[in-house]
Amino acid sequence: MDSLIAAFTDPTAIAALVALVVMEVVLGIDNLVFISILTNKLPEAQRPKARRIGIGLALGMRLLLLSMIAWLVGLTQTVIDLGISGPLDQHGAPTFETALSWRDLILIAGGLFLIWKATKEIHHNVDPHGGDDALEQKNVVTMSFGSAIVQIILLDMIFSLDSILTAVGMTDNLAVMVIAVIVAVTVMMIAADPLANFIARNPTVVMLALGFLLMIGAVLIADGFGVHVPKGYIYAAMAFSTLVELLNIFARKAKTKGGAV
């Protein structure tokens, strides 16, 4: 109770809460893009339900991890060391290393899965008649829905781990972490349908989003091997690319209206 009161009365806790809410919302964008792309491959009537389930699972996993902070911190202890490391940087730390913890192994596995999934979706968009995909079999609705939920669960686990480790690194006030996570997931819930519908209406945005997923997957793998790419650079690049794509969309609409006159 004391930590909850402090979250709303202590200026330091309030500043941490605001910063953490912003960070959690930004981190949730990755999760939301994946959910949007995946659920758009389901029959239209099932999409809202799948999104709600996916985001609800994301909230549940984040809160579960928060309740297991001591165990979560233990995930950063080395379990495998291949004895390989890169040259030292200007701060005296290796540029990469293979002393891997469970957290690193989870991030690497998640990054590989994300790259595989994004590559598969890009191939399908480039060559839509290249082969059958279990997610696209219109006559197997239950399997399609189940496959989507399973894949959402896998990526929710990865993004939730990244989200909570970020929260632990920014504050030690559990109430602040819980409030920030709930607010961020609420924003995800509100934005889910508009984002998914926008992606569905604009095919070029799908390719851009898949490109983002490829980049995020590569960053997860790099992070697993000790190569820490500042997240600010990643999201700045994503924001710039999104802005350029929005300008392209507006330009296409203007040309369409001009041609119709």
# chains A, B, ... in the order shown; residues from 1 in each chain; ligands from 1
>>> select_by_dssp(residues="range 48-81 of chain A", states="strand (DSSP E)", output="compact mmCIF listing (two decimals) with all heavy atoms, in the first residue's frame")
# COMPACT_ATOMS: atom_id res chain seq x y z
N THR A 78 24.87 -16.28 -16.07
CA THR A 78 25.40 -17.07 -17.18
C THR A 78 25.14 -18.56 -16.99
O THR A 78 25.37 -19.12 -15.91
CB THR A 78 26.91 -16.84 -17.32
OG1 THR A 78 27.15 -15.45 -17.56
CG2 THR A 78 27.49 -17.65 -18.47
N VAL A 79 24.63 -19.21 -18.03
CA VAL A 79 24.41 -20.65 -17.99
C VAL A 79 25.26 -21.38 -19.06
O VAL A 79 25.54 -22.56 -18.92
CB VAL A 79 22.91 -21.00 -18.21
CG1 VAL A 79 22.09 -20.53 -17.04
CG2 VAL A 79 22.38 -20.40 -19.50
N ILE A 80 25.64 -20.66 -20.12
CA ILE A 80 26.48 -21.23 -21.17
C ILE A 80 27.55 -20.20 -21.53
O ILE A 80 27.23 -19.03 -21.75
CB ILE A 80 25.67 -21.56 -22.45
CG1 ILE A 80 24.61 -22.62 -22.14
CG2 ILE A 80 26.59 -22.05 -23.56
CD1 ILE A 80 23.70 -22.91 -23.32
N ASP A 81 28.80 -20.63 -21.57
CA ASP A 81 29.89 -19.73 -21.97
C ASP A 81 30.75 -20.44 -23.01
O ASP A 81 31.43 -21.42 -22.71
CB ASP A 81 30.74 -19.35 -20.76
CG ASP A 81 31.73 -18.23 -21.07
OD1 ASP A 81 31.89 -17.91 -22.27
OD2 ASP A 81 32.33 -17.68 -20.13
>>> residues_around(residues="Ala192 in chain A", least_positions_apart="5", cutoff="8 Å", atoms="only C-alpha atoms", output="list of chain:residue names")
A:Leu32, A:Ser36, A:Arg51
>>> write_last_selection(atoms="C-alpha atoms", output="tab-separated table (two decimals), in the first residue's frame")
chain	number	residue	atom	x	y	z
A	32	LEU	CA	1.16	-4.75	-31.31
A	36	SER	CA	-1.94	-6.84	-36.01
A	51	ARG	CA	-6.41	-9.28	-30.84
>>> closest_residue(among="A:Gly28, A:Val183, A:Ile115, A:Leu63", to="Val219 in chain A", atoms="only C-alpha atoms")
A:Ile115
>>> atom_distance(atom1="CA of Asn173 in chain A", atom2="CA of Met68 in chain A")
14.0 Å
>>> closest_residue(among="A:Ile37, A:Ala58, A:Leu20, A:Leu210", to="Asp193 in chain A", atoms="only C-alpha atoms")
A:Ile37
>>> closest_residue(among="A:Leu114, A:Val168, A:Ala239, A:Ile122", to="Ser67 in chain A", atoms="only C-alpha atoms")
A:Val168
>>> residues_around(residues="Ile55 in chain A", least_positions_apart="6", cutoff="10 Å", atoms="only C-alpha atoms", output="ChimeraX atom specification")
/A:28,31-32,35,61,152-153,156,185-186,188-189,192
>>> write_last_selection(atoms="C-alpha atoms", output="PDB file, in the first residue's frame")
ATOM      1  CA  GLY A  28       4.470  -2.409 -26.772  1.00  0.00           C
ATOM      2  CA  ASN A  31       4.178  -6.501 -29.821  1.00  0.00           C
ATOM      3  CA  LEU A  32       1.155  -4.748 -31.312  1.00  0.00           C
ATOM      4  CA  ILE A  35      -0.372  -9.096 -33.351  1.00  0.00           C
ATOM      5  CA  MET A  61       2.487 -12.410 -18.850  1.00  0.00           C
ATOM      6  CA  ILE A 152       1.101 -14.613 -30.452  1.00  0.00           C
ATOM      7  CA  ILE A 153       1.821 -16.389 -27.135  1.00  0.00           C
ATOM      8  CA  ASP A 156       4.211 -12.167 -26.101  1.00  0.00           C
ATOM      9  CA  VAL A 185      -1.347  -2.531 -22.306  1.00  0.00           C
ATOM     10  CA  THR A 186      -4.540  -0.441 -22.108  1.00  0.00           C
ATOM     11  CA  MET A 188      -2.287  -1.315 -26.849  1.00  0.00           C
ATOM     12  CA  MET A 189      -5.882  -2.509 -26.442  1.00  0.00           C
ATOM     13  CA  ALA A 192      -5.126  -2.559 -31.689  1.00  0.00           C
TER      14      ALA A 192
END
>>> closest_residue(among="A:Pro203, A:Gly54, A:Gly83, A:Pro230", to="Leu100 in chain A", atoms="only C-alpha atoms")
A:Gly83
>>> atom_distance(atom1="CA of Leu246 in chain A", atom2="CA of Val205 in chain A")
8.8 Å
>>> atom_distance(atom1="CA of Ile221 in chain A", atom2="CA of Val26 in chain A")
19.3 Å
>>> closest_residue(among="A:Ile106, A:Val229, A:Ile199, A:Ala180", to="Met23 in chain A", atoms="only C-alpha atoms")
A:Ala180
>>> select_by_dssp(residues="range 10-204 of chain A", states="helix (DSSP H, G or I)", output="PyMOL selection string")
chain A and resi 11-39+44-66+69-74+102-126+134-136+141-170+174-201+203-204
>>> residues_around(residues="Asp30 in chain A", least_positions_apart="6", cutoff="9 Å", atoms="only C-alpha atoms", output="short mmCIF file (atom, residue, chain, number, x, y, z; two decimals) with N, CA and C atoms, in the first residue's frame")
data_model
loop_
_atom_site.label_atom_id
_atom_site.label_comp_id
_atom_site.auth_asym_id
_atom_site.auth_seq_id
_atom_site.Cartn_x
_atom_site.Cartn_y
_atom_site.Cartn_z
N PHE A 159 8.46 -10.36 -25.87
CA PHE A 159 8.27 -8.93 -25.66
C PHE A 159 7.99 -8.62 -24.19
N PHE A 212 10.13 -3.80 -40.13
CA PHE A 212 10.38 -3.48 -38.73
C PHE A 212 10.60 -4.75 -37.90
N LEU A 213 9.76 -5.76 -38.16
CA LEU A 213 9.88 -7.01 -37.41
C LEU A 213 11.23 -7.69 -37.69
N ILE A 216 13.72 -5.74 -35.65
CA ILE A 216 13.57 -6.03 -34.23
C ILE A 216 14.14 -7.42 -33.91
#
>>> closest_residue(among="A:Phe113, A:Phe96, A:Phe145, A:Phe34", to="Arg47 in chain A", atoms="only C-alpha atoms")
A:Phe145
>>> residues_around(residues="Ile179 in chain A", least_positions_apart="2", cutoff="12 Å", atoms="only C-alpha atoms", output="PDB file with N, CA and C atoms, in the first residue's frame")
ATOM      1  N   SER A   3       3.863   1.634  -1.219  1.00  0.00           N
ATOM      2  CA  SER A   3       4.469   1.853  -2.537  1.00  0.00           C
ATOM      3  C   SER A   3       3.441   2.406  -3.519  1.00  0.00           C
ATOM      4  N   LEU A   4       2.172   2.021  -3.345  1.00  0.00           N
ATOM      5  CA  LEU A   4       1.116   2.529  -4.219  1.00  0.00           C
ATOM      6  C   LEU A   4       0.870   4.008  -3.954  1.00  0.00           C
ATOM      7  N   ILE A   5       0.859   4.400  -2.662  1.00  0.00           N
ATOM      8  CA  ILE A   5       0.674   5.810  -2.308  1.00  0.00           C
ATOM      9  C   ILE A   5       1.839   6.643  -2.828  1.00  0.00           C
ATOM     10  N   ALA A   7       3.619   6.084  -5.381  1.00  0.00           N
ATOM     11  CA  ALA A   7       3.561   6.199  -6.840  1.00  0.00           C
ATOM     12  C   ALA A   7       2.789   7.430  -7.281  1.00  0.00           C
ATOM     13  N   PHE A   8       1.873   7.924  -6.393  1.00  0.00           N
ATOM     14  CA  PHE A   8       1.050   9.081  -6.756  1.00  0.00           C
ATOM     15  C   PHE A   8       1.396  10.331  -5.958  1.00  0.00           C
ATOM     16  N   ALA A  13       8.883   9.121  -7.719  1.00  0.00           N
ATOM     17  CA  ALA A  13       8.108   7.977  -8.200  1.00  0.00           C
ATOM     18  C   ALA A  13       7.219   8.379  -9.372  1.00  0.00           C
ATOM     19  N   ILE A  14       6.661   9.603  -9.310  1.00  0.00           N
ATOM     20  CA  ILE A  14       5.802  10.083 -10.407  1.00  0.00           C
ATOM     21  C   ILE A  14       6.621  10.240 -11.679  1.00  0.00           C
ATOM     22  N   ALA A  16       9.369   8.640 -12.425  1.00  0.00           N
ATOM     23  CA  ALA A  16       9.697   7.291 -12.885  1.00  0.00           C
ATOM     24  C   ALA A  16       8.498   6.650 -13.569  1.00  0.00           C
ATOM     25  N   LEU A  17       7.299   6.892 -13.014  1.00  0.00           N
ATOM     26  CA  LEU A  17       6.078   6.324 -13.590  1.00  0.00           C
ATOM     27  C   LEU A  17       5.833   6.866 -14.996  1.00  0.00           C
ATOM     28  N   VAL A  18       5.964   8.188 -15.168  1.00  0.00           N
ATOM     29  CA  VAL A  18       5.745   8.798 -16.484  1.00  0.00           C
ATOM     30  C   VAL A  18       6.747   8.255 -17.496  1.00  0.00           C
ATOM     31  N   ALA A  19       8.030   8.227 -17.100  1.00  0.00           N
ATOM     32  CA  ALA A  19       9.073   7.735 -18.008  1.00  0.00           C
ATOM     33  C   ALA A  19       8.842   6.270 -18.369  1.00  0.00           C
ATOM     34  N   LEU A  20       8.436   5.486 -17.369  1.00  0.00           N
ATOM     35  CA  LEU A  20       8.229   4.065 -17.600  1.00  0.00           C
ATOM     36  C   LEU A  20       6.997   3.808 -18.460  1.00  0.00           C
ATOM     37  N   VAL A  21       5.930   4.580 -18.259  1.00  0.00           N
ATOM     38  CA  VAL A  21       4.730   4.433 -19.097  1.00  0.00           C
ATOM     39  C   VAL A  21       5.092   4.691 -20.561  1.00  0.00           C
ATOM     40  N   VAL A  22       5.834   5.767 -20.813  1.00  0.00           N
ATOM     41  CA  VAL A  22       6.243   6.086 -22.183  1.00  0.00           C
ATOM     42  C   VAL A  22       7.076   4.957 -22.766  1.00  0.00           C
ATOM     43  N   GLU A  24       7.187   1.779 -21.838  1.00  0.00           N
ATOM     44  CA  GLU A  24       6.395   0.561 -22.000  1.00  0.00           C
ATOM     45  C   GLU A  24       5.476   0.659 -23.218  1.00  0.00           C
ATOM     46  N   LEU A  59      -0.704  -8.722 -21.242  1.00  0.00           N
ATOM     47  CA  LEU A  59      -0.854  -8.137 -19.907  1.00  0.00           C
ATOM     48  C   LEU A  59      -0.621  -9.197 -18.831  1.00  0.00           C
ATOM     49  N   ARG A  62       3.075 -10.083 -18.475  1.00  0.00           N
ATOM     50  CA  ARG A  62       3.849  -9.012 -17.847  1.00  0.00           C
ATOM     51  C   ARG A  62       3.607  -8.971 -16.339  1.00  0.00           C
ATOM     52  N   LEU A  63       2.349  -9.101 -15.919  1.00  0.00           N
ATOM     53  CA  LEU A  63       2.043  -9.087 -14.490  1.00  0.00           C
ATOM     54  C   LEU A  63       2.604 -10.325 -13.799  1.00  0.00           C
ATOM     55  N   LEU A  66       6.235  -9.736 -13.268  1.00  0.00           N
ATOM     56  CA  LEU A  66       6.448  -8.778 -12.181  1.00  0.00           C
ATOM     57  C   LEU A  66       6.325  -9.445 -10.821  1.00  0.00           C
ATOM     58  N   ALA A 167      11.572  -2.367 -17.146  1.00  0.00           N
ATOM     59  CA  ALA A 167      10.929  -1.774 -15.967  1.00  0.00           C
ATOM     60  C   ALA A 167      11.795  -1.956 -14.726  1.00  0.00           C
ATOM     61  N   ASN A 173      10.294   0.297  -7.588  1.00  0.00           N
ATOM     62  CA  ASN A 173       8.965   0.421  -6.987  1.00  0.00           C
ATOM     63  C   ASN A 173       8.002  -0.480  -7.762  1.00  0.00           C
ATOM     64  N   LEU A 174       7.573  -1.562  -7.135  1.00  0.00           N
ATOM     65  CA  LEU A 174       6.717  -2.535  -7.806  1.00  0.00           C
ATOM     66  C   LEU A 174       5.399  -1.918  -8.248  1.00  0.00           C
ATOM     67  N   ALA A 175       4.817  -1.038  -7.426  1.00  0.00           N
ATOM     68  CA  ALA A 175       3.543  -0.409  -7.779  1.00  0.00           C
ATOM     69  C   ALA A 175       3.685   0.418  -9.050  1.00  0.00           C
ATOM     70  N   VAL A 176       4.795   1.134  -9.179  1.00  0.00           N
ATOM     71  CA  VAL A 176       5.047   1.930 -10.380  1.00  0.00           C
ATOM     72  C   VAL A 176       5.117   1.028 -11.599  1.00  0.00           C
ATOM     73  N   MET A 177       5.806  -0.103 -11.464  1.00  0.00           N
ATOM     74  CA  MET A 177       5.924  -1.054 -12.586  1.00  0.00           C
ATOM     75  C   MET A 177       4.552  -1.578 -13.000  1.00  0.00           C
ATOM     76  N   VAL A 181       2.708  -0.893 -16.622  1.00  0.00           N
ATOM     77  CA  VAL A 181       2.372  -2.016 -17.501  1.00  0.00           C
ATOM     78  C   VAL A 181       0.884  -1.996 -17.850  1.00  0.00           C
ATOM     79  N   ILE A 182       0.033  -1.773 -16.859  1.00  0.00           N
ATOM     80  CA  ILE A 182      -1.413  -1.752 -17.105  1.00  0.00           C
ATOM     81  C   ILE A 182      -1.778  -0.612 -18.056  1.00  0.00           C
ATOM     82  N   VAL A 183      -1.199   0.576 -17.835  1.00  0.00           N
ATOM     83  CA  VAL A 183      -1.478   1.715 -18.713  1.00  0.00           C
ATOM     84  C   VAL A 183      -1.021   1.418 -20.135  1.00  0.00           C
ATOM     85  N   ALA A 184       0.194   0.863 -20.274  1.00  0.00           N
ATOM     86  CA  ALA A 184       0.736   0.580 -21.606  1.00  0.00           C
ATOM     87  C   ALA A 184      -0.118  -0.448 -22.347  1.00  0.00           C
ATOM     88  N   VAL A 185      -0.537  -1.494 -21.660  1.00  0.00           N
ATOM     89  CA  VAL A 185      -1.347  -2.531 -22.306  1.00  0.00           C
ATOM     90  C   VAL A 185      -2.740  -1.988 -22.629  1.00  0.00           C
ATOM     91  N   THR A 186      -3.255  -1.087 -21.804  1.00  0.00           N
ATOM     92  CA  THR A 186      -4.540  -0.441 -22.108  1.00  0.00           C
ATOM     93  C   THR A 186      -4.435   0.356 -23.403  1.00  0.00           C
TER      94      THR A 186
END
